[in-house]
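A quick write-up on the structure given underneath.
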Amino acid sequence: MLNLTSDCHYFCIFAVMKILTGAQIHELDKYTIEHEPVKSIDLMERAAKAITRAIIDTWSKNVPVVVFAGPGNNGGDALAVARLLADRGYSVSVYLFNINESLSEDCNVNRQRLIEEKTVKSFIEVTNEFDPPVLEAGTLVVDGLFGSGLNKPLSGGFASLVKYINQSAATVVSIDVPSGLMTEDNTYNVRANIIKADVTLTLQQKKLSFFFAENQEYIGRLQILDIQLSKKGMEEIRSRYGVIEESYLRSRLLARNDYAHKGDMGNAMIIAGKYGMAGAAVLATKACLRSGVGKVAVCTPRRNNTIMQISVPEAVMCLDDDEMIFSEAIDTSGYDALGIGPGLGQNETSAIALITQIRRTQVPIVIDADGLNILASHRAWLQQLPKGLVLTPHPKEFERLAGNHFSDSYECISNACDMAEHLHAYIILKGHYSALCMPDGKVWFNPTGNAGMATAGSGDVLTGIITGLLARGYNQADACMIGMYLHGLAGDLAAEKLCMECMVAGDIIRFLPQAFRRLGCK
């Protein structure tokens with residue numbers, strides 16, 4: 001049976017792609033074997049056939065293949081792939097590492113099949129000394145040393161083999177997971193001892209560690225292979241992590257009444273842009289206006305008035321008494337959501353005004369950029385924050401907010417989860433796969449977006465979108481998920497039309513209407 005938990009940190013939502021831990025992947029394999037039913041060796045053969053098809057689709061028979069197989073089920077997959085490739089006319093050399101003379105049951109069965117069929121060019125079972133083959137350019141290495149069950153860094157001979165493969169000119173295809181990379185936490189891993197694959201053929205779904213930027217150099221081009229693990233088993237597993245899916249967001253969209261007027265659509269306030277940073281206020285405001293809200297007001301220093309009036313004529317101006325900075329909290333009783341921080345500056349007067357504003361505001365708040373930096377330099381204020389805040393830091397901003405440096409993305413997300421639970425806040429860690437850390441411990445990764453969005457002002461646009469959605473009537477969780485997805489989707493549409501290299505933040509706003517339409521809005 002599946003090892004299910006009633007811990008509130010875990011969840012089961014059907015319209016969301018779950019991300020399983022290594023232990024849960026093993027449990028899903030077992031569930032499939034018991035309930036399909038299918039023998040474990042036949043499930044391994046199913047996986048091997050999918051891997052073989054992917055290899056055949058990319059590399060021709062004149063490419064020599066060297067297979068490195070470990071003693072576990074990942075090695076069993078590799079041995080089965082070696083046999084299937086040889087059956088199709090490929091020249092395959094196989095090295096099975098059986099150092100402790102303890103193969104998994106299915107690995108041993110595939111070892112026997114390989115020996116009996118005698119179709120591979122050579123088969124060497126390594127039990128002690130190992131004379132590595134020459135790995136030249138044009139050679140395809142199939143890495144089947146260790147898979148999703150690995151729970152400690154590679155060392156000794158396996159570490160040496162990994163380094164040897166990485167230093168070679170051969171092309172490397174890893175089965176399921178590059179050997180040496182763990183499926184979740186690599187904080188204390190030895191990164192020199194991880195295979196740097198050119199292609200990773202992962203089984204059924206992405207692993208958690210695949211979502212982290214620092215691991216991309218090991219994964220290479222990722223291809224997900226469906227090996228038909230039990231859908232019912234997947235539904236029954238309670239996973240802490242998930243990937244936002246468009247079908248789920250479509251079901252959460254609010255309908256726009258045919259007889260609606262602007263007063264029904266919400267009233268948002270943006271506080272942004274010290275003098276010299278009016279652009280941040282312009283971007284956040286324009287994005288907010290494009291997110292379905294009925295009205296948007298902007299609080300900004302007086303010297304920004306002309307810029308704002310010309311750039312965003314649809315917005316209502318609420319000018320600060322100070323010419324240069326945000327200096328005093330305003331009354332937000334007539335508004336439905338507040339976005340604060342873009343281009344605000346970190347003047348101490350602005351800092352006092354910020355915390356006063358947060359304390360007085362009774363509607364949902366989005367805090368970004370300098371708003372986060374002010375809180376980071378006044379960390380005692382964190383204990384005074386109201387529940388339900390939306391914080392949108394990039395990793396460096398979060399490190400400042402947490403008062404700590406993190407070794408990798410897993411450690412950063414783990415700490416963001418702890419902070420989200422402690423503050424009862426919604427924390428979006430921005431990145432290629434932005435992660436929404438929820439107050440209840442759940443983590444949602446956003447699949448949209450691209451490297452062209454790594455440009456100044458992109459975060460200001462996200463702040464505006466989420467603020468607009470909150471004012472429109474979405475709760476914090478839905479506003480964050482829909483906002484993240486739309487933000488990235490608009491960026492993808494912009495990159496498709498323009499190109500990533502020349503994108504600016506304003507392009508994301510330009511393509512927001514298309515993103516809304518793609519999501520199903522009228």
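Residues in the structure tokens are named by chain (A, B, ... in the order shown) and by number from 1 within that chain; ligands are numbered from 1 in the order shown.
All residues of protein, DNA or RNA that reach within 12 Å of Tyr164 (chain A), judged by only C-alpha atoms and not counting those fewer than 6 positions away in the chain, are A:Asp131, A:Pro132, A:Pro133, A:Val134, A:Leu135, A:Glu136, A:Val141, A:Gly157, A:Phe158, A:Ala170, A:Val172, A:Ala192, A:Asn193, A:Ile194, A:Ile195, A:Lys196.
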Restricted to N, CA, C and O atoms, what would the selected residues look like written as an mmCIF file, in the first residue's frame?
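Now in out_25.cif:
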```cif
data_model
loop_
_atom_site.group_PDB
_atom_site.id
_atom_site.type_symbol
_atom_site.label_atom_id
_atom_site.label_comp_id
_atom_site.auth_asym_id
_atom_site.auth_seq_id
_atom_site.Cartn_x
_atom_site.Cartn_y
_atom_site.Cartn_z
ATOM 1 N N ASP A 131 39.305 -1.123 -15.797
ATOM 2 C CA ASP A 131 40.087 -0.443 -16.826
ATOM 3 C C ASP A 131 39.105 0.301 -17.734
ATOM 4 O O ASP A 131 38.422 -0.313 -18.547
ATOM 5 N N PRO A 132 38.969 1.620 -17.582
ATOM 6 C CA PRO A 132 37.918 2.347 -18.303
ATOM 7 C C PRO A 132 38.158 2.339 -19.808
ATOM 8 O O PRO A 132 39.300 2.379 -20.275
ATOM 9 N N PRO A 133 37.078 2.299 -20.580
ATOM 10 C CA PRO A 133 37.207 2.357 -22.038
ATOM 11 C C PRO A 133 37.536 3.773 -22.487
ATOM 12 O O PRO A 133 37.304 4.751 -21.763
ATOM 13 N N VAL A 134 38.063 3.881 -23.685
ATOM 14 C CA VAL A 134 38.311 5.191 -24.276
ATOM 15 C C VAL A 134 36.964 5.763 -24.737
ATOM 16 O O VAL A 134 36.231 5.103 -25.476
ATOM 17 N N LEU A 135 36.659 6.947 -24.267
ATOM 18 C CA LEU A 135 35.400 7.585 -24.626
ATOM 19 C C LEU A 135 35.691 8.765 -25.541
ATOM 20 O O LEU A 135 36.071 9.841 -25.102
ATOM 21 N N GLU A 136 35.519 8.535 -26.826
ATOM 22 C CA GLU A 136 35.868 9.535 -27.828
ATOM 23 C C GLU A 136 34.648 10.334 -28.254
ATOM 24 O O GLU A 136 33.504 9.962 -27.991
ATOM 25 N N VAL A 141 27.420 7.589 -24.421
ATOM 26 C CA VAL A 141 27.462 6.947 -23.113
ATOM 27 C C VAL A 141 26.056 6.938 -22.526
ATOM 28 O O VAL A 141 25.391 7.973 -22.463
ATOM 29 N N GLY A 157 35.434 4.871 -6.121
ATOM 30 C CA GLY A 157 35.546 4.530 -7.527
ATOM 31 C C GLY A 157 34.443 5.111 -8.380
ATOM 32 O O GLY A 157 34.678 5.520 -9.529
ATOM 33 N N PHE A 158 33.221 5.175 -7.849
ATOM 34 C CA PHE A 158 32.121 5.747 -8.627
ATOM 35 C C PHE A 158 32.339 7.237 -8.870
ATOM 36 O O PHE A 158 32.044 7.750 -9.947
ATOM 37 N N ALA A 170 32.694 12.337 -25.056
ATOM 38 C CA ALA A 170 31.512 11.564 -25.423
ATOM 39 C C ALA A 170 30.225 12.321 -25.093
ATOM 40 O O ALA A 170 30.207 13.213 -24.238
ATOM 41 N N VAL A 172 26.581 12.146 -23.393
ATOM 42 C CA VAL A 172 26.073 11.369 -22.262
ATOM 43 C C VAL A 172 24.560 11.474 -22.164
ATOM 44 O O VAL A 172 23.999 12.573 -22.152
ATOM 45 N N ALA A 192 31.193 17.929 -7.885
ATOM 46 C CA ALA A 192 32.175 17.405 -8.840
ATOM 47 C C ALA A 192 31.916 15.935 -9.149
ATOM 48 O O ALA A 192 32.429 15.407 -10.143
ATOM 49 N N ASN A 193 31.112 15.275 -8.310
ATOM 50 C CA ASN A 193 30.854 13.842 -8.461
ATOM 51 C C ASN A 193 29.459 13.566 -9.023
ATOM 52 O O ASN A 193 28.849 12.530 -8.716
ATOM 53 N N ILE A 194 28.957 14.485 -9.837
ATOM 54 C CA ILE A 194 27.650 14.321 -10.488
ATOM 55 C C ILE A 194 27.853 14.296 -11.997
ATOM 56 O O ILE A 194 28.564 15.135 -12.549
ATOM 57 N N ILE A 195 27.229 13.347 -12.659
ATOM 58 C CA ILE A 195 27.298 13.262 -14.117
ATOM 59 C C ILE A 195 26.735 14.527 -14.753
ATOM 60 O O ILE A 195 25.673 15.014 -14.363
ATOM 61 N N LYS A 196 27.442 15.067 -15.734
ATOM 62 C CA LYS A 196 26.934 16.185 -16.523
ATOM 63 C C LYS A 196 26.377 15.624 -17.830
ATOM 64 O O LYS A 196 27.102 15.423 -18.801
#
```
key: Near-Gly483 (chain A) list (7 Å; only C-alpha atoms; drop same-chain fewer than 5 positions) as a PyMOL selection string   = chain A and resi 462+465-466
List every residue of region 122-240 of chain A that has an atom at most 8 Å from any atom of region 30-42 of chain A, and for each one report the closest atom pair and its distance in Å to one decimal, counting only C-alpha atoms, with rows sorted by chain and then by increasing residue number, as CSV.
```
residue,atom,partner,partner_atom,distance
A:Leu229,CA,A:Thr32,CA,5.8
A:Ser230,CA,A:Thr32,CA,5.0
A:Gly233,CA,A:Tyr31,CA,6.2
```
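Minimum distance to Gly180 (chain A) across A:Thr455, A:Asn151, A:Gln223, A:Ser168 (counting only C-alpha atoms) occurs at A:Asn151.
Separating CA of Asp322 (chain A) from CA of Cys299 (chain A) is a distance of 11.0 Å.
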ask   = Of the residues A:Pro393, A:Pro447, A:Gly147, A:Gly138, which is the one nearest to Gly76 (chain A), using only C-alpha atoms?
value = A:Gly147
task = Identify, on the basis of only C-alpha atoms, every residue whose closest approach to Ala380 (chain A) does not exceed 12 Å; exclude the query and any residue fewer than 3 positions from it along the same chain; express the result as a PyMOL selection string.
result = chain A and resi 355+374-377+383-385+401-403
Convert the current residue selection to file output with N, CA and C atoms, as a CSV table (one decimal), in the first residue's frame.
```
chain,number,residue,atom,x,y,z
A,355,ILE,N,6.1,50.7,7.0
A,355,ILE,CA,5.6,49.9,8.0
A,355,ILE,C,4.3,50.5,8.6
A,374,ILE,N,13.5,47.2,2.6
A,374,ILE,CA,13.2,47.9,3.9
A,374,ILE,C,13.0,46.9,5.0
A,375,LEU,N,12.1,46.0,4.8
A,375,LEU,CA,11.8,45.0,5.8
A,375,LEU,C,13.1,44.2,6.2
A,376,ALA,N,13.9,43.9,5.2
A,376,ALA,CA,15.2,43.2,5.5
A,376,ALA,C,16.1,44.0,6.4
A,377,SER,N,16.1,45.3,6.2
A,377,SER,CA,17.0,46.1,7.1
A,377,SER,C,16.3,46.5,8.4
A,383,GLN,N,7.9,40.6,12.7
A,383,GLN,CA,7.0,40.0,13.7
A,383,GLN,C,5.7,40.8,13.8
A,384,GLN,N,5.7,42.0,13.2
A,384,GLN,CA,4.5,42.8,13.3
A,384,GLN,C,3.6,42.8,12.1
A,385,LEU,N,4.0,42.0,11.1
A,385,LEU,CA,3.3,42.0,9.8
A,385,LEU,C,1.9,41.3,10.0
A,401,LEU,N,16.1,39.2,3.4
A,401,LEU,CA,14.9,39.2,4.3
A,401,LEU,C,15.0,38.1,5.4
A,402,ALA,N,15.6,37.0,5.0
A,402,ALA,CA,15.8,35.9,6.0
A,402,ALA,C,17.1,36.1,6.9
A,403,GLY,N,17.9,37.1,6.4
A,403,GLY,CA,19.2,37.3,7.2
A,403,GLY,C,20.1,36.1,7.1
```
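The shortest atom-to-atom distance to Lys207 (chain A), with only C-alpha atoms taken into account, belongs to A:Gly22 out of A:Gly276, A:Gly22, A:Gly144, A:Gly459.
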inquiry  = Please return, as a ChimeraX atom specification, all residues of region 261-383 of chain A that DSSP assigns to alpha helix (DSSP H) on the basis of the backbone.
reply    = /A:278-289,305-311,348-360,370-377
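Here CA of Ala425 (chain A) and CA of His394 (chain A) stand 15.8 Å from one another.
The smallest atom-to-atom distance between Ala451 (chain A) and any of A:Cys480, A:Ala213, A:Asp77, A:Ile427, using only C-alpha atoms, is found for A:Ala213.
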task = Would you kindly return, as a list of chain:residue names, each protein, DNA or RNA residue with an atom no farther than 8 Å from any atom of Gly149 (chain A), considering only C-alpha atoms and excluding same-chain residues fewer than 5 positions away?
result = A:Gly22, A:Ala23, A:His26, A:Met182
query = Can you list, as number ranges by chain, every protein, DNA or RNA residue that comes within 10 Å of Leu372 (chain A) when you count only C-alpha atoms, leaving out same-chain residues fewer than 3 positions away?
reply = A: 340-342, 346, 367-369, 375-378, 391-393, 397-398, 400-401
ask   = When DSSP works through the backbone of this structure, what residues of region 280-351 of chain A end up as strand (DSSP E or B), shown as a PyMOL selection string?
value = chain A and resi 295-301+316-320+337-340
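Comparing A:Asp57, A:Glu235, A:Asp408, A:Asp198 by their smallest distance to Ala169 (chain A), the closest is A:Asp198 (using only C-alpha atoms).
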Quick one: residues within 10 Å of Phe146 (chain A), only C-alpha atoms, excluding same-chain residues fewer than 5 positions away - as a short mmCIF file (atom, residue, chain, number, x, y, z; two decimals) with C-alpha atoms, in the first residue's frame?
```
data_model
loop_
_atom_site.label_atom_id
_atom_site.label_comp_id
_atom_site.auth_asym_id
_atom_site.auth_seq_id
_atom_site.Cartn_x
_atom_site.Cartn_y
_atom_site.Cartn_z
CA PHE A 68 27.55 1.98 -17.54
CA ALA A 69 25.17 0.12 -15.24
CA GLY A 70 25.04 0.26 -11.46
CA PRO A 71 23.90 -2.53 -9.12
CA GLY A 72 20.35 -1.25 -8.54
CA ASN A 73 17.23 -0.87 -10.63
CA ASN A 74 18.70 2.07 -12.55
CA GLY A 75 21.41 -0.36 -13.62
CA LEU A 154 29.07 9.44 -4.66
CA PHE A 158 32.12 5.75 -8.63
CA SER A 174 21.36 9.68 -18.26
CA ILE A 175 18.53 7.33 -17.35
CA ASP A 176 15.94 8.98 -15.08
CA VAL A 177 18.44 11.09 -13.06
CA PRO A 178 22.08 11.99 -13.79
CA SER A 179 24.10 9.71 -11.51
CA GLY A 180 25.16 11.50 -8.34
CA LEU A 181 22.27 14.00 -8.42
CA MET A 182 19.72 13.42 -5.68
#
```
task = Name the residues in contact with region 306-311 of chain A at a cut-off of 9 Å, using only C-alpha atoms, excluding same-chain residues fewer than 3 positions from it; report them as a ChimeraX atom specification.
result = /A:278-279,281-282,286,298,300,302-303,314-317
Selection file, all heavy atoms, as a compact mmCIF listing (two decimals), in the first residue's frame:
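Everything below was put into selection04.txt:
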```txt
# COMPACT_ATOMS: atom_id res chain seq x y z
N ALA A 278 10.47 56.55 -11.47
CA ALA A 278 9.06 56.58 -11.88
C ALA A 278 8.71 55.41 -12.79
O ALA A 278 7.56 54.97 -12.84
CB ALA A 278 8.75 57.91 -12.57
N GLY A 279 9.70 54.90 -13.51
CA GLY A 279 9.45 53.77 -14.41
C GLY A 279 8.88 52.56 -13.70
O GLY A 279 8.02 51.86 -14.25
N ALA A 281 6.93 52.62 -11.09
CA ALA A 281 5.53 52.92 -10.85
C ALA A 281 4.71 52.78 -12.13
O ALA A 281 3.58 52.27 -12.12
CB ALA A 281 5.38 54.32 -10.28
N VAL A 282 5.27 53.21 -13.25
CA VAL A 282 4.58 53.11 -14.54
C VAL A 282 4.32 51.64 -14.88
O VAL A 282 3.19 51.26 -15.24
CB VAL A 282 5.41 53.78 -15.66
CG1 VAL A 282 4.82 53.46 -17.03
CG2 VAL A 282 5.47 55.28 -15.45
N LYS A 286 0.61 50.01 -15.08
CA LYS A 286 0.11 49.51 -16.37
C LYS A 286 -0.27 48.04 -16.27
O LYS A 286 -1.31 47.61 -16.80
CB LYS A 286 1.18 49.70 -17.46
CG LYS A 286 1.28 51.10 -18.00
CD LYS A 286 2.24 51.14 -19.19
CE LYS A 286 2.22 52.51 -19.86
NZ LYS A 286 3.12 52.55 -21.05
N VAL A 298 -2.43 55.63 -8.01
CA VAL A 298 -0.99 55.54 -7.78
C VAL A 298 -0.57 56.62 -6.79
O VAL A 298 -0.86 57.81 -6.99
CB VAL A 298 -0.19 55.74 -9.08
CG1 VAL A 298 1.28 55.42 -8.83
CG2 VAL A 298 -0.74 54.88 -10.19
N THR A 300 2.67 58.39 -5.46
CA THR A 300 4.05 58.57 -5.87
C THR A 300 4.47 60.01 -5.56
O THR A 300 3.60 60.88 -5.40
CB THR A 300 4.20 58.24 -7.38
OG1 THR A 300 5.57 58.08 -7.73
CG2 THR A 300 3.55 59.31 -8.24
N ARG A 302 5.57 63.92 -5.81
CA ARG A 302 5.00 64.95 -6.68
C ARG A 302 5.76 65.13 -7.99
O ARG A 302 5.17 65.42 -9.03
CB ARG A 302 4.92 66.28 -5.93
CG ARG A 302 3.83 66.29 -4.86
CD ARG A 302 3.55 67.68 -4.32
NE ARG A 302 2.38 67.61 -3.43
CZ ARG A 302 1.12 67.65 -3.82
NH1 ARG A 302 0.85 67.75 -5.11
NH2 ARG A 302 0.13 67.58 -2.95
N ARG A 303 7.06 64.97 -7.95
CA ARG A 303 7.84 65.20 -9.17
C ARG A 303 7.59 64.14 -10.25
O ARG A 303 8.02 64.32 -11.39
CB ARG A 303 9.33 65.27 -8.83
CG ARG A 303 9.74 66.57 -8.17
CD ARG A 303 11.23 66.80 -8.32
NE ARG A 303 11.67 68.00 -7.61
CZ ARG A 303 12.91 68.44 -7.61
NH1 ARG A 303 13.85 67.78 -8.27
NH2 ARG A 303 13.24 69.54 -6.95
N GLU A 314 -4.84 56.43 -17.65
CA GLU A 314 -6.00 55.75 -17.08
C GLU A 314 -5.96 55.71 -15.55
O GLU A 314 -6.97 55.43 -14.90
CB GLU A 314 -6.09 54.30 -17.59
CG GLU A 314 -6.21 54.16 -19.10
CD GLU A 314 -4.86 54.05 -19.79
OE1 GLU A 314 -3.82 54.36 -19.15
OE2 GLU A 314 -4.84 53.65 -20.97
N ALA A 315 -4.78 55.94 -14.95
CA ALA A 315 -4.64 55.85 -13.50
C ALA A 315 -5.03 57.16 -12.82
O ALA A 315 -4.91 58.25 -13.38
CB ALA A 315 -3.19 55.50 -13.14
N VAL A 316 -5.48 57.02 -11.58
CA VAL A 316 -5.80 58.17 -10.74
C VAL A 316 -4.55 58.51 -9.92
O VAL A 316 -3.95 57.62 -9.31
CB VAL A 316 -6.98 57.86 -9.80
CG1 VAL A 316 -7.25 59.03 -8.87
CG2 VAL A 316 -8.22 57.50 -10.61
N MET A 317 -4.16 59.79 -9.88
CA MET A 317 -2.96 60.17 -9.15
C MET A 317 -3.29 60.52 -7.71
O MET A 317 -4.29 61.19 -7.42
CB MET A 317 -2.30 61.38 -9.83
CG MET A 317 -1.86 61.12 -11.26
SD MET A 317 -0.85 59.62 -11.43
CE MET A 317 0.52 60.04 -10.35
```
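Using only C-alpha atoms, the nearest neighbour of Asp336 (chain A) within the list A:Cys318, A:Ile428, A:Leu469, A:Ile227 is A:Leu469.
Taking CA of Lys163 (chain A) as the reference point, CA of Leu225 (chain A) is found at 27.0 Å.
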So that each row is one residue of region 391-437 of chain A with an atom at most 10 Å from region 487-506 of chain A, can you give its shortest atom pair and the distance in Å to one decimal, using only C-alpha atoms, rows by chain and rising number, as a tab-separated table?
```
residue	atom	partner	partner_atom	distance
A:His432	CA	A:Gly488	CA	9.1
A:Tyr433	CA	A:Gly488	CA	9.5
A:Ser434	CA	A:Gly488	CA	9.3
```
